[in-house]
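Below is the file input30.cif, which contains mmCIF, N, CA, C and O atoms.
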data_target
loop_
_atom_site.label_atom_id
_atom_site.label_comp_id
_atom_site.auth_asym_id
_atom_site.auth_seq_id
_atom_site.Cartn_x
_atom_site.Cartn_y
_atom_site.Cartn_z
N MET A 19 17.65 -0.94 5.43
CA MET A 19 17.36 -2.25 5.91
C MET A 19 18.64 -3.02 6.20
O MET A 19 18.61 -3.95 6.99
N ALA A 20 19.73 -2.65 5.58
CA ALA A 20 20.97 -3.37 5.81
C ALA A 20 21.49 -3.17 7.22
O ALA A 20 22.21 -4.01 7.75
N ASP A 21 21.13 -2.04 7.86
CA ASP A 21 21.61 -1.76 9.21
C ASP A 21 20.81 -2.49 10.29
O ASP A 21 21.26 -2.59 11.42
N ILE A 22 19.64 -2.99 9.96
CA ILE A 22 18.80 -3.65 10.94
C ILE A 22 19.14 -5.13 10.99
O ILE A 22 19.17 -5.81 9.97
N SER A 23 19.41 -5.63 12.17
CA SER A 23 19.71 -7.05 12.32
C SER A 23 18.41 -7.82 12.56
O SER A 23 17.37 -7.25 12.88
N SER A 24 18.49 -9.13 12.44
CA SER A 24 17.31 -9.96 12.65
C SER A 24 16.83 -9.92 14.08
O SER A 24 15.66 -10.16 14.37
N GLU A 25 17.71 -9.61 15.01
CA GLU A 25 17.32 -9.52 16.41
C GLU A 25 16.47 -8.29 16.69
O GLU A 25 15.77 -8.22 17.69
N ASP A 26 16.57 -7.29 15.81
CA ASP A 26 15.81 -6.05 16.00
C ASP A 26 14.39 -6.13 15.44
O ASP A 26 13.66 -5.16 15.50
N GLU A 27 14.01 -7.28 14.91
CA GLU A 27 12.66 -7.43 14.36
C GLU A 27 11.64 -7.35 15.48
O GLU A 27 11.93 -7.55 16.64
N LEU A 28 10.41 -7.08 15.10
CA LEU A 28 9.32 -7.02 16.06
C LEU A 28 9.02 -8.40 16.62
O LEU A 28 9.34 -9.42 16.02
N ASP A 29 8.39 -8.44 17.76
CA ASP A 29 8.01 -9.71 18.37
C ASP A 29 6.67 -10.19 17.84
O ASP A 29 5.76 -10.54 18.59
N ILE A 30 6.54 -10.21 16.53
CA ILE A 30 5.33 -10.65 15.87
C ILE A 30 5.69 -11.89 15.06
O ILE A 30 6.73 -11.93 14.41
N ASP A 31 4.83 -12.88 15.09
CA ASP A 31 5.05 -14.08 14.29
C ASP A 31 4.69 -13.77 12.84
O ASP A 31 3.51 -13.63 12.52
N PRO A 32 5.67 -13.64 11.93
CA PRO A 32 5.37 -13.25 10.56
C PRO A 32 4.63 -14.34 9.77
O PRO A 32 4.09 -14.05 8.72
N THR A 33 4.61 -15.56 10.29
CA THR A 33 3.92 -16.63 9.57
C THR A 33 2.48 -16.80 10.04
O THR A 33 1.80 -17.70 9.58
N HIS A 34 2.03 -15.95 10.93
CA HIS A 34 0.66 -16.04 11.44
C HIS A 34 -0.32 -15.73 10.32
O HIS A 34 -0.10 -14.85 9.50
N ILE A 35 -1.40 -16.47 10.29
CA ILE A 35 -2.37 -16.37 9.20
C ILE A 35 -3.01 -14.98 9.11
O ILE A 35 -3.28 -14.49 8.01
N SER A 36 -3.23 -14.32 10.22
CA SER A 36 -3.86 -13.00 10.16
C SER A 36 -2.94 -11.97 9.52
O SER A 36 -3.41 -11.09 8.79
N LEU A 37 -1.65 -12.09 9.74
CA LEU A 37 -0.70 -11.17 9.10
C LEU A 37 -0.62 -11.42 7.60
O LEU A 37 -0.54 -10.48 6.81
N MET A 38 -0.68 -12.70 7.21
CA MET A 38 -0.68 -13.02 5.78
C MET A 38 -1.96 -12.54 5.11
O MET A 38 -1.93 -12.03 3.99
N LEU A 39 -3.10 -12.70 5.79
CA LEU A 39 -4.36 -12.22 5.23
C LEU A 39 -4.37 -10.70 5.08
O LEU A 39 -4.90 -10.17 4.10
N PHE A 40 -3.78 -10.01 6.05
CA PHE A 40 -3.66 -8.55 5.94
C PHE A 40 -2.83 -8.18 4.72
O PHE A 40 -3.17 -7.26 3.97
N GLY A 41 -1.73 -8.87 4.51
CA GLY A 41 -0.89 -8.61 3.34
C GLY A 41 -1.61 -8.89 2.04
O GLY A 41 -1.49 -8.13 1.07
N LEU A 42 -2.38 -9.97 2.01
CA LEU A 42 -3.15 -10.29 0.81
C LEU A 42 -4.22 -9.25 0.53
O LEU A 42 -4.41 -8.83 -0.62
N MET A 43 -4.93 -8.81 1.56
CA MET A 43 -5.97 -7.79 1.37
C MET A 43 -5.37 -6.46 0.94
O MET A 43 -5.92 -5.77 0.07
N PHE A 44 -4.24 -6.10 1.53
CA PHE A 44 -3.58 -4.85 1.18
C PHE A 44 -3.14 -4.87 -0.28
O PHE A 44 -3.34 -3.90 -1.02
N ASN A 45 -2.56 -5.99 -0.73
CA ASN A 45 -2.14 -6.07 -2.12
C ASN A 45 -3.31 -6.16 -3.07
O ASN A 45 -3.20 -5.69 -4.21
N PHE A 46 -4.41 -6.75 -2.65
CA PHE A 46 -5.59 -6.77 -3.52
C PHE A 46 -6.07 -5.36 -3.79
O PHE A 46 -6.34 -4.99 -4.93
N ILE A 47 -6.15 -4.55 -2.76
CA ILE A 47 -6.63 -3.18 -2.92
C ILE A 47 -5.61 -2.34 -3.68
O ILE A 47 -5.96 -1.52 -4.53
N ARG A 48 -4.34 -2.54 -3.40
CA ARG A 48 -3.30 -1.68 -3.96
C ARG A 48 -2.88 -2.09 -5.36
O ARG A 48 -2.57 -1.22 -6.19
N ARG A 49 -2.82 -3.38 -5.65
CA ARG A 49 -2.29 -3.82 -6.94
C ARG A 49 -3.29 -4.62 -7.76
O ARG A 49 -3.57 -4.30 -8.91
N TRP A 50 -3.77 -5.70 -7.19
CA TRP A 50 -4.51 -6.68 -7.97
C TRP A 50 -5.80 -6.15 -8.52
O TRP A 50 -6.23 -6.57 -9.59
N LEU A 51 -6.43 -5.22 -7.85
CA LEU A 51 -7.65 -4.62 -8.36
C LEU A 51 -7.37 -3.83 -9.64
O LEU A 51 -8.14 -3.88 -10.60
N ILE A 52 -6.25 -3.15 -9.68
CA ILE A 52 -5.86 -2.41 -10.89
C ILE A 52 -5.51 -3.38 -12.02
O ILE A 52 -5.84 -3.13 -13.18
N TYR A 53 -4.87 -4.52 -11.68
CA TYR A 53 -4.59 -5.53 -12.71
C TYR A 53 -5.89 -6.04 -13.31
O TYR A 53 -6.00 -6.20 -14.53
N LEU A 54 -6.87 -6.31 -12.45
CA LEU A 54 -8.16 -6.80 -12.95
C LEU A 54 -8.84 -5.76 -13.83
O LEU A 54 -9.40 -6.09 -14.88
N LEU A 55 -8.80 -4.50 -13.42
CA LEU A 55 -9.38 -3.43 -14.24
C LEU A 55 -8.69 -3.34 -15.59
O LEU A 55 -9.34 -3.17 -16.63
N ALA A 56 -7.37 -3.44 -15.59
CA ALA A 56 -6.62 -3.37 -16.84
C ALA A 56 -6.97 -4.53 -17.77
O ALA A 56 -7.15 -4.35 -18.97
N VAL A 57 -7.10 -5.72 -17.21
CA VAL A 57 -7.45 -6.89 -18.02
C VAL A 57 -8.86 -6.76 -18.59
O VAL A 57 -9.08 -7.00 -19.78
N PHE A 58 -9.82 -6.37 -17.77
CA PHE A 58 -11.20 -6.28 -18.23
C PHE A 58 -11.43 -5.12 -19.20
O PHE A 58 -12.28 -5.21 -20.08
N MET A 59 -10.69 -4.05 -19.05
CA MET A 59 -10.90 -2.89 -19.93
C MET A 59 -10.17 -3.05 -21.26
O MET A 59 -10.68 -2.59 -22.29
N THR A 60 -8.98 -3.64 -21.26
CA THR A 60 -8.23 -3.75 -22.51
C THR A 60 -8.46 -5.07 -23.22
O THR A 60 -8.49 -5.11 -24.44
N GLU A 61 -8.58 -6.15 -22.47
CA GLU A 61 -8.73 -7.50 -23.01
C GLU A 61 -7.63 -7.85 -24.00
O GLU A 61 -7.83 -8.64 -24.92
N HIS A 62 -6.46 -7.28 -23.82
CA HIS A 62 -5.32 -7.53 -24.68
C HIS A 62 -4.49 -8.67 -24.09
O HIS A 62 -4.25 -8.70 -22.89
N PRO A 63 -4.03 -9.61 -24.92
CA PRO A 63 -3.27 -10.75 -24.40
C PRO A 63 -1.98 -10.37 -23.67
O PRO A 63 -1.60 -11.02 -22.70
N VAL A 64 -1.32 -9.32 -24.11
CA VAL A 64 -0.09 -8.88 -23.45
C VAL A 64 -0.40 -8.35 -22.05
O VAL A 64 0.32 -8.63 -21.09
N VAL A 65 -1.48 -7.60 -21.92
CA VAL A 65 -1.89 -7.08 -20.62
C VAL A 65 -2.26 -8.22 -19.68
O VAL A 65 -1.91 -8.21 -18.50
N ILE A 66 -2.94 -9.23 -20.21
CA ILE A 66 -3.31 -10.39 -19.40
C ILE A 66 -2.05 -11.12 -18.94
O ILE A 66 -1.93 -11.48 -17.76
N LEU A 67 -1.10 -11.32 -19.82
CA LEU A 67 0.15 -12.00 -19.48
C LEU A 67 0.94 -11.25 -18.42
O LEU A 67 1.39 -11.83 -17.42
N ILE A 68 1.09 -9.94 -18.60
CA ILE A 68 1.82 -9.13 -17.63
C ILE A 68 1.10 -9.13 -16.29
O ILE A 68 1.74 -9.23 -15.23
N SER A 69 -0.21 -9.05 -16.29
CA SER A 69 -0.98 -9.06 -15.05
C SER A 69 -0.82 -10.37 -14.30
O SER A 69 -0.67 -10.39 -13.08
N VAL A 70 -0.85 -11.48 -15.02
CA VAL A 70 -0.68 -12.78 -14.38
C VAL A 70 0.72 -12.92 -13.79
O VAL A 70 0.89 -13.41 -12.66
N ILE A 71 1.72 -12.47 -14.51
CA ILE A 71 3.10 -12.55 -14.01
C ILE A 71 3.27 -11.67 -12.77
O ILE A 71 3.87 -12.10 -11.78
N LEU A 72 2.76 -10.45 -12.83
CA LEU A 72 2.86 -9.57 -11.66
C LEU A 72 2.08 -10.10 -10.47
O LEU A 72 2.53 -9.99 -9.33
N PHE A 73 0.91 -10.68 -10.72
CA PHE A 73 0.13 -11.27 -9.65
C PHE A 73 0.89 -12.42 -8.99
O PHE A 73 0.98 -12.49 -7.76
N ALA A 74 1.46 -13.31 -9.79
CA ALA A 74 2.20 -14.45 -9.25
C ALA A 74 3.43 -14.00 -8.47
O ALA A 74 3.73 -14.53 -7.39
N ALA A 75 4.16 -13.03 -9.01
CA ALA A 75 5.36 -12.55 -8.33
C ALA A 75 5.03 -11.85 -7.02
O ALA A 75 5.72 -12.06 -6.01
N SER A 76 3.98 -11.05 -7.00
CA SER A 76 3.62 -10.36 -5.75
C SER A 76 3.04 -11.35 -4.73
O SER A 76 3.27 -11.20 -3.53
N LEU A 77 2.31 -12.36 -5.19
CA LEU A 77 1.81 -13.39 -4.29
C LEU A 77 2.97 -14.18 -3.67
O LEU A 77 2.98 -14.46 -2.48
N TYR A 78 3.96 -14.51 -4.49
CA TYR A 78 5.15 -15.19 -3.99
C TYR A 78 5.86 -14.33 -2.95
O TYR A 78 6.29 -14.82 -1.90
N ASP A 79 5.98 -13.04 -3.23
CA ASP A 79 6.66 -12.13 -2.30
C ASP A 79 5.93 -12.04 -0.97
O ASP A 79 6.55 -12.02 0.08
N ILE A 80 4.61 -12.01 -1.00
CA ILE A 80 3.83 -11.94 0.25
C ILE A 80 3.98 -13.21 1.07
O ILE A 80 4.18 -13.16 2.28
N LEU A 81 3.85 -14.35 0.41
CA LEU A 81 3.78 -15.62 1.13
C LEU A 81 5.14 -16.15 1.58
O LEU A 81 5.22 -16.84 2.60
N PHE A 82 6.21 -15.85 0.85
CA PHE A 82 7.48 -16.48 1.16
C PHE A 82 8.58 -15.53 1.64
O PHE A 82 9.61 -15.98 2.11
N ASN A 83 8.40 -14.24 1.51
CA ASN A 83 9.39 -13.27 1.99
C ASN A 83 8.82 -12.50 3.17
O ASN A 83 8.60 -11.31 3.12
N TYR A 84 8.57 -13.20 4.26
CA TYR A 84 7.89 -12.62 5.41
C TYR A 84 8.83 -12.19 6.53
O TYR A 84 8.43 -11.46 7.40
N SER A 85 10.08 -12.62 6.52
CA SER A 85 11.00 -12.19 7.57
C SER A 85 11.98 -11.16 7.02
O SER A 85 12.17 -11.05 5.81
N LEU A 86 12.59 -10.42 7.91
CA LEU A 86 13.53 -9.38 7.50
C LEU A 86 14.74 -9.97 6.78
O LEU A 86 15.21 -9.40 5.79
N ALA A 87 15.22 -11.11 7.24
CA ALA A 87 16.37 -11.75 6.60
C ALA A 87 16.03 -12.16 5.17
O ALA A 87 16.85 -11.99 4.26
N LYS A 88 14.83 -12.69 4.96
CA LYS A 88 14.44 -13.08 3.60
C LYS A 88 14.21 -11.86 2.71
O LYS A 88 14.48 -11.90 1.52
N MET A 89 13.69 -10.78 3.29
CA MET A 89 13.48 -9.56 2.51
C MET A 89 14.80 -8.94 2.08
O MET A 89 14.89 -8.36 1.01
N LYS A 90 15.83 -9.06 2.93
CA LYS A 90 17.14 -8.53 2.57
C LYS A 90 17.75 -9.29 1.40
O LYS A 90 18.37 -8.70 0.53
N ASP A 91 17.55 -10.61 1.39
CA ASP A 91 18.16 -11.44 0.35
C ASP A 91 17.38 -11.41 -0.96
O ASP A 91 17.95 -11.56 -2.03
N SER A 92 16.08 -11.26 -0.89
CA SER A 92 15.24 -11.33 -2.08
C SER A 92 15.07 -9.96 -2.72
O SER A 92 14.87 -8.96 -2.05
N LYS A 93 15.13 -9.93 -4.02
CA LYS A 93 14.91 -8.70 -4.78
C LYS A 93 13.56 -8.74 -5.51
O LYS A 93 13.25 -7.87 -6.30
N VAL A 94 12.75 -9.76 -5.24
CA VAL A 94 11.47 -9.92 -5.93
C VAL A 94 10.56 -8.73 -5.67
O VAL A 94 9.95 -8.19 -6.60
N GLY A 95 10.45 -8.31 -4.43
CA GLY A 95 9.59 -7.18 -4.09
C GLY A 95 9.99 -5.90 -4.80
O GLY A 95 9.14 -5.13 -5.25
N LEU A 96 11.29 -5.67 -4.91
CA LEU A 96 11.80 -4.49 -5.61
C LEU A 96 11.45 -4.54 -7.09
O LEU A 96 10.96 -3.56 -7.66
N TYR A 97 11.68 -5.69 -7.72
CA TYR A 97 11.39 -5.82 -9.14
C TYR A 97 9.90 -5.72 -9.42
O TYR A 97 9.48 -5.09 -10.40
N VAL A 98 9.09 -6.32 -8.56
CA VAL A 98 7.64 -6.23 -8.73
C VAL A 98 7.18 -4.79 -8.59
O VAL A 98 6.33 -4.31 -9.36
N ALA A 99 7.73 -4.06 -7.64
CA ALA A 99 7.35 -2.67 -7.43
C ALA A 99 7.72 -1.80 -8.64
O ALA A 99 6.92 -0.95 -9.07
N ILE A 100 8.89 -2.02 -9.21
CA ILE A 100 9.32 -1.23 -10.37
C ILE A 100 8.44 -1.52 -11.57
O ILE A 100 7.94 -0.60 -12.24
N ILE A 101 8.23 -2.80 -11.87
CA ILE A 101 7.40 -3.17 -13.02
C ILE A 101 5.95 -2.74 -12.79
O ILE A 101 5.26 -2.32 -13.72
N ASP A 102 5.51 -2.83 -11.54
CA ASP A 102 4.16 -2.43 -11.17
C ASP A 102 3.93 -0.94 -11.44
O ASP A 102 2.89 -0.55 -11.98
N ILE A 103 4.89 -0.12 -11.09
CA ILE A 103 4.78 1.32 -11.34
C ILE A 103 4.67 1.61 -12.83
O ILE A 103 3.83 2.40 -13.27
N VAL A 104 5.50 0.95 -13.62
CA VAL A 104 5.47 1.16 -15.06
C VAL A 104 4.14 0.69 -15.64
O VAL A 104 3.50 1.39 -16.44
N PHE A 105 3.71 -0.50 -15.24
CA PHE A 105 2.46 -1.07 -15.75
C PHE A 105 1.25 -0.20 -15.41
O PHE A 105 0.42 0.11 -16.27
N ILE A 106 1.15 0.20 -14.17
CA ILE A 106 0.01 1.02 -13.74
C ILE A 106 0.06 2.40 -14.39
O ILE A 106 -0.97 2.95 -14.77
N SER A 107 1.25 2.97 -14.55
CA SER A 107 1.37 4.27 -15.22
C SER A 107 0.91 4.19 -16.66
O SER A 107 0.18 5.08 -17.14
N ILE A 108 1.31 3.14 -17.35
CA ILE A 108 0.88 2.98 -18.75
C ILE A 108 -0.63 2.76 -18.82
O ILE A 108 -1.31 3.31 -19.70
N PHE A 109 -1.18 2.00 -17.89
CA PHE A 109 -2.62 1.77 -17.88
C PHE A 109 -3.39 3.06 -17.60
O PHE A 109 -4.41 3.32 -18.23
N VAL A 110 -2.90 3.87 -16.70
CA VAL A 110 -3.58 5.15 -16.39
C VAL A 110 -3.53 6.08 -17.60
O VAL A 110 -4.52 6.74 -17.93
N ILE A 111 -2.41 6.11 -18.29
CA ILE A 111 -2.30 6.92 -19.50
C ILE A 111 -3.28 6.42 -20.56
O ILE A 111 -3.97 7.19 -21.22
N TYR A 112 -3.33 5.09 -20.72
CA TYR A 112 -4.28 4.50 -21.66
C TYR A 112 -5.73 4.84 -21.27
O TYR A 112 -6.56 5.15 -22.13
N LEU A 113 -6.00 4.77 -19.99
CA LEU A 113 -7.35 5.04 -19.50
C LEU A 113 -7.77 6.48 -19.79
O LEU A 113 -8.90 6.72 -20.27
N PHE A 114 -6.90 7.43 -19.56
CA PHE A 114 -7.24 8.82 -19.82
C PHE A 114 -7.31 9.13 -21.31
O PHE A 114 -8.08 9.99 -21.73
N ASN A 115 -6.51 8.45 -22.12
CA ASN A 115 -6.58 8.67 -23.56
C ASN A 115 -7.82 8.04 -24.18
O ASN A 115 -8.27 8.49 -25.23
N SER A 116 -8.36 7.00 -23.54
CA SER A 116 -9.54 6.36 -24.11
C SER A 116 -10.83 7.07 -23.73
O SER A 116 -11.89 6.75 -24.27
N LEU A 117 -10.77 8.01 -22.80
CA LEU A 117 -11.97 8.76 -22.43
C LEU A 117 -12.24 9.78 -23.45
O LEU A 117 -12.69 10.32 -24.11
#

Output the structure of this file as structure tokens.
Amino acid sequence: MADISSEDELDIDPTHISLMLFGLMFNFIRRWLIYLLAVFMTEHPVVILISVILFAASLYDILFNYSLAKMKDSKVGLYVAIIDIVFISIFVIYLFNSL
């Protein structure tokens, strides 16, 4: 991403509502649904806290880091992805052990 300049971006308006809705729907299916499953299945306060923090951080990343220049400067998406992988991996392990 460091090699791509802002002039090389697509001719799409990143602030358009349909693009934001697509991002929200994609994250709901990919992340937030698993957070909801983890909260409802475990009902543990730590899981609820982590889910709320990850939800807020990923929502912030979708709504405010929409241009290439902002994505280059922000590390929120990277941190959310790393923590998300760990959280979902632990939940899947818990899920299989509880069966």

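Nearest to A:Trp50 of all the residues A:Tyr97, A:Tyr112, A:Phe73, A:Phe82 is A:Phe73, counting only N, CA, C and O atoms.
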
Which of stretch 49-88 of chain A fall in alpha helix (DSSP H), as a PyMOL selection string: chain A and resi 51-60+63-82+86-88

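Straight-line separation from atom N of A:Leu37 to atom CA of A:Ile106: 26.9 Å.
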
Test item: residues at most 7 Å from A:Leu72, all atoms listed in the file, excluding those fewer than 6 positions along its chain, as an MDAnalysis selection string: chainID A and resid 66 78 98

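Pairwise distance (atom N of A:Leu55, atom CA of A:Ile80) equals 20.0 Å.
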
Separation of atom CA of A:Ala74 from atom CA of A:Tyr53, in Å and rounded to one decimal: 11.7 Å

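Considering the residues A:Ile103, A:Leu42, A:Ile47, A:Val110 and counting only N, CA, C and O atoms, A:Ser76 has its shortest atom-to-atom contact with A:Leu42.
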
With all heavy atoms as the goal, would you fill in the gaps in stretch 40-51 of chain A and present it as a PDB file, in the coordinates of the input?
ATOM      1  N   PHE A  40      -3.780 -10.010   6.050  1.00  0.00           N
ATOM      2  CA  PHE A  40      -3.660  -8.550   5.940  1.00  0.00           C
ATOM      3  C   PHE A  40      -2.830  -8.180   4.720  1.00  0.00           C
ATOM      4  O   PHE A  40      -3.170  -7.260   3.970  1.00  0.00           O
ATOM      5  CB  PHE A  40      -3.046  -7.980   7.216  1.00  0.00           C
ATOM      6  CG  PHE A  40      -2.857  -6.497   7.161  1.00  0.00           C
ATOM      7  CD1 PHE A  40      -3.928  -5.640   7.280  1.00  0.00           C
ATOM      8  CD2 PHE A  40      -1.592  -5.966   6.953  1.00  0.00           C
ATOM      9  CE1 PHE A  40      -3.753  -4.269   7.204  1.00  0.00           C
ATOM     10  CE2 PHE A  40      -1.402  -4.606   6.883  1.00  0.00           C
ATOM     11  CZ  PHE A  40      -2.489  -3.748   7.010  1.00  0.00           C
ATOM     12  N   GLY A  41      -1.730  -8.870   4.510  1.00  0.00           N
ATOM     13  CA  GLY A  41      -0.890  -8.610   3.340  1.00  0.00           C
ATOM     14  C   GLY A  41      -1.610  -8.890   2.040  1.00  0.00           C
ATOM     15  O   GLY A  41      -1.490  -8.130   1.070  1.00  0.00           O
ATOM     16  N   LEU A  42      -2.380  -9.970   2.010  1.00  0.00           N
ATOM     17  CA  LEU A  42      -3.150 -10.290   0.810  1.00  0.00           C
ATOM     18  C   LEU A  42      -4.220  -9.250   0.530  1.00  0.00           C
ATOM     19  O   LEU A  42      -4.410  -8.830  -0.620  1.00  0.00           O
ATOM     20  CB  LEU A  42      -3.769 -11.680   0.948  1.00  0.00           C
ATOM     21  CG  LEU A  42      -2.800 -12.853   0.903  1.00  0.00           C
ATOM     22  CD1 LEU A  42      -3.518 -14.142   1.251  1.00  0.00           C
ATOM     23  CD2 LEU A  42      -2.131 -12.956  -0.446  1.00  0.00           C
ATOM     24  N   MET A  43      -4.930  -8.810   1.560  1.00  0.00           N
ATOM     25  CA  MET A  43      -5.970  -7.790   1.370  1.00  0.00           C
ATOM     26  C   MET A  43      -5.370  -6.460   0.940  1.00  0.00           C
ATOM     27  O   MET A  43      -5.920  -5.770   0.070  1.00  0.00           O
ATOM     28  CB  MET A  43      -6.786  -7.626   2.645  1.00  0.00           C
ATOM     29  CG  MET A  43      -7.712  -8.779   2.919  1.00  0.00           C
ATOM     30  SD  MET A  43      -8.638  -8.665   4.452  1.00  0.00           S
ATOM     31  CE  MET A  43      -9.257  -7.016   4.422  1.00  0.00           C
ATOM     32  N   PHE A  44      -4.240  -6.100   1.530  1.00  0.00           N
ATOM     33  CA  PHE A  44      -3.580  -4.850   1.180  1.00  0.00           C
ATOM     34  C   PHE A  44      -3.140  -4.870  -0.280  1.00  0.00           C
ATOM     35  O   PHE A  44      -3.340  -3.900  -1.020  1.00  0.00           O
ATOM     36  CB  PHE A  44      -2.385  -4.617   2.107  1.00  0.00           C
ATOM     37  CG  PHE A  44      -1.638  -3.350   1.823  1.00  0.00           C
ATOM     38  CD1 PHE A  44      -2.190  -2.125   2.134  1.00  0.00           C
ATOM     39  CD2 PHE A  44      -0.384  -3.392   1.249  1.00  0.00           C
ATOM     40  CE1 PHE A  44      -1.508  -0.947   1.884  1.00  0.00           C
ATOM     41  CE2 PHE A  44       0.306  -2.215   0.989  1.00  0.00           C
ATOM     42  CZ  PHE A  44      -0.260  -1.005   1.307  1.00  0.00           C
ATOM     43  N   ASN A  45      -2.560  -5.990  -0.730  1.00  0.00           N
ATOM     44  CA  ASN A  45      -2.140  -6.070  -2.120  1.00  0.00           C
ATOM     45  C   ASN A  45      -3.310  -6.160  -3.070  1.00  0.00           C
ATOM     46  O   ASN A  45      -3.200  -5.690  -4.210  1.00  0.00           O
ATOM     47  CB  ASN A  45      -1.201  -7.269  -2.319  1.00  0.00           C
ATOM     48  CG  ASN A  45       0.229  -6.879  -2.075  1.00  0.00           C
ATOM     49  OD1 ASN A  45       0.719  -5.930  -2.666  1.00  0.00           O
ATOM     50  ND2 ASN A  45       0.887  -7.590  -1.196  1.00  0.00           N
ATOM     51  N   PHE A  46      -4.410  -6.750  -2.650  1.00  0.00           N
ATOM     52  CA  PHE A  46      -5.590  -6.770  -3.520  1.00  0.00           C
ATOM     53  C   PHE A  46      -6.070  -5.360  -3.790  1.00  0.00           C
ATOM     54  O   PHE A  46      -6.340  -4.990  -4.930  1.00  0.00           O
ATOM     55  CB  PHE A  46      -6.724  -7.596  -2.901  1.00  0.00           C
ATOM     56  CG  PHE A  46      -7.979  -7.541  -3.720  1.00  0.00           C
ATOM     57  CD1 PHE A  46      -8.087  -8.284  -4.873  1.00  0.00           C
ATOM     58  CD2 PHE A  46      -9.023  -6.716  -3.354  1.00  0.00           C
ATOM     59  CE1 PHE A  46      -9.239  -8.225  -5.656  1.00  0.00           C
ATOM     60  CE2 PHE A  46     -10.173  -6.650  -4.113  1.00  0.00           C
ATOM     61  CZ  PHE A  46     -10.279  -7.404  -5.264  1.00  0.00           C
ATOM     62  N   ILE A  47      -6.150  -4.550  -2.760  1.00  0.00           N
ATOM     63  CA  ILE A  47      -6.630  -3.180  -2.920  1.00  0.00           C
ATOM     64  C   ILE A  47      -5.610  -2.340  -3.680  1.00  0.00           C
ATOM     65  O   ILE A  47      -5.960  -1.520  -4.530  1.00  0.00           O
ATOM     66  CB  ILE A  47      -6.954  -2.557  -1.554  1.00  0.00           C
ATOM     67  CG1 ILE A  47      -8.140  -3.294  -0.931  1.00  0.00           C
ATOM     68  CG2 ILE A  47      -7.246  -1.071  -1.677  1.00  0.00           C
ATOM     69  CD1 ILE A  47      -8.369  -2.954   0.518  1.00  0.00           C
ATOM     70  N   ARG A  48      -4.340  -2.540  -3.400  1.00  0.00           N
ATOM     71  CA  ARG A  48      -3.300  -1.680  -3.960  1.00  0.00           C
ATOM     72  C   ARG A  48      -2.880  -2.090  -5.360  1.00  0.00           C
ATOM     73  O   ARG A  48      -2.570  -1.220  -6.190  1.00  0.00           O
ATOM     74  CB  ARG A  48      -2.083  -1.710  -3.032  1.00  0.00           C
ATOM     75  CG  ARG A  48      -0.989  -0.773  -3.420  1.00  0.00           C
ATOM     76  CD  ARG A  48       0.097  -0.781  -2.405  1.00  0.00           C
ATOM     77  NE  ARG A  48       0.631  -2.113  -2.212  1.00  0.00           N
ATOM     78  CZ  ARG A  48       1.902  -2.426  -2.302  1.00  0.00           C
ATOM     79  NH1 ARG A  48       2.776  -1.506  -2.574  1.00  0.00           N
ATOM     80  NH2 ARG A  48       2.301  -3.653  -2.107  1.00  0.00           N
ATOM     81  N   ARG A  49      -2.820  -3.380  -5.650  1.00  0.00           N
ATOM     82  CA  ARG A  49      -2.290  -3.820  -6.940  1.00  0.00           C
ATOM     83  C   ARG A  49      -3.290  -4.620  -7.760  1.00  0.00           C
ATOM     84  O   ARG A  49      -3.570  -4.300  -8.910  1.00  0.00           O
ATOM     85  CB  ARG A  49      -1.063  -4.711  -6.720  1.00  0.00           C
ATOM     86  CG  ARG A  49       0.125  -3.999  -6.232  1.00  0.00           C
ATOM     87  CD  ARG A  49       1.264  -4.968  -6.116  1.00  0.00           C
ATOM     88  NE  ARG A  49       2.489  -4.242  -5.820  1.00  0.00           N
ATOM     89  CZ  ARG A  49       3.532  -4.779  -5.249  1.00  0.00           C
ATOM     90  NH1 ARG A  49       3.529  -6.037  -4.915  1.00  0.00           N
ATOM     91  NH2 ARG A  49       4.601  -4.044  -5.016  1.00  0.00           N
ATOM     92  N   TRP A  50      -3.770  -5.700  -7.190  1.00  0.00           N
ATOM     93  CA  TRP A  50      -4.510  -6.680  -7.970  1.00  0.00           C
ATOM     94  C   TRP A  50      -5.800  -6.150  -8.520  1.00  0.00           C
ATOM     95  O   TRP A  50      -6.230  -6.570  -9.590  1.00  0.00           O
ATOM     96  CB  TRP A  50      -4.736  -7.942  -7.141  1.00  0.00           C
ATOM     97  CG  TRP A  50      -3.465  -8.573  -6.656  1.00  0.00           C
ATOM     98  CD1 TRP A  50      -2.220  -8.421  -7.192  1.00  0.00           C
ATOM     99  CD2 TRP A  50      -3.303  -9.442  -5.552  1.00  0.00           C
ATOM    100  NE1 TRP A  50      -1.304  -9.142  -6.478  1.00  0.00           N
ATOM    101  CE2 TRP A  50      -1.938  -9.779  -5.462  1.00  0.00           C
ATOM    102  CE3 TRP A  50      -4.183  -9.966  -4.614  1.00  0.00           C
ATOM    103  CZ2 TRP A  50      -1.445 -10.627  -4.481  1.00  0.00           C
ATOM    104  CZ3 TRP A  50      -3.690 -10.812  -3.641  1.00  0.00           C
ATOM    105  CH2 TRP A  50      -2.335 -11.137  -3.585  1.00  0.00           C
ATOM    106  N   LEU A  51      -6.430  -5.220  -7.850  1.00  0.00           N
ATOM    107  CA  LEU A  51      -7.650  -4.620  -8.360  1.00  0.00           C
ATOM    108  C   LEU A  51      -7.370  -3.830  -9.640  1.00  0.00           C
ATOM    109  O   LEU A  51      -8.140  -3.880 -10.600  1.00  0.00           O
ATOM    110  CB  LEU A  51      -8.292  -3.723  -7.307  1.00  0.00           C
ATOM    111  CG  LEU A  51      -9.689  -3.218  -7.579  1.00  0.00           C
ATOM    112  CD1 LEU A  51     -10.649  -4.384  -7.742  1.00  0.00           C
ATOM    113  CD2 LEU A  51     -10.152  -2.323  -6.461  1.00  0.00           C
TER     114      LEU A  51
END
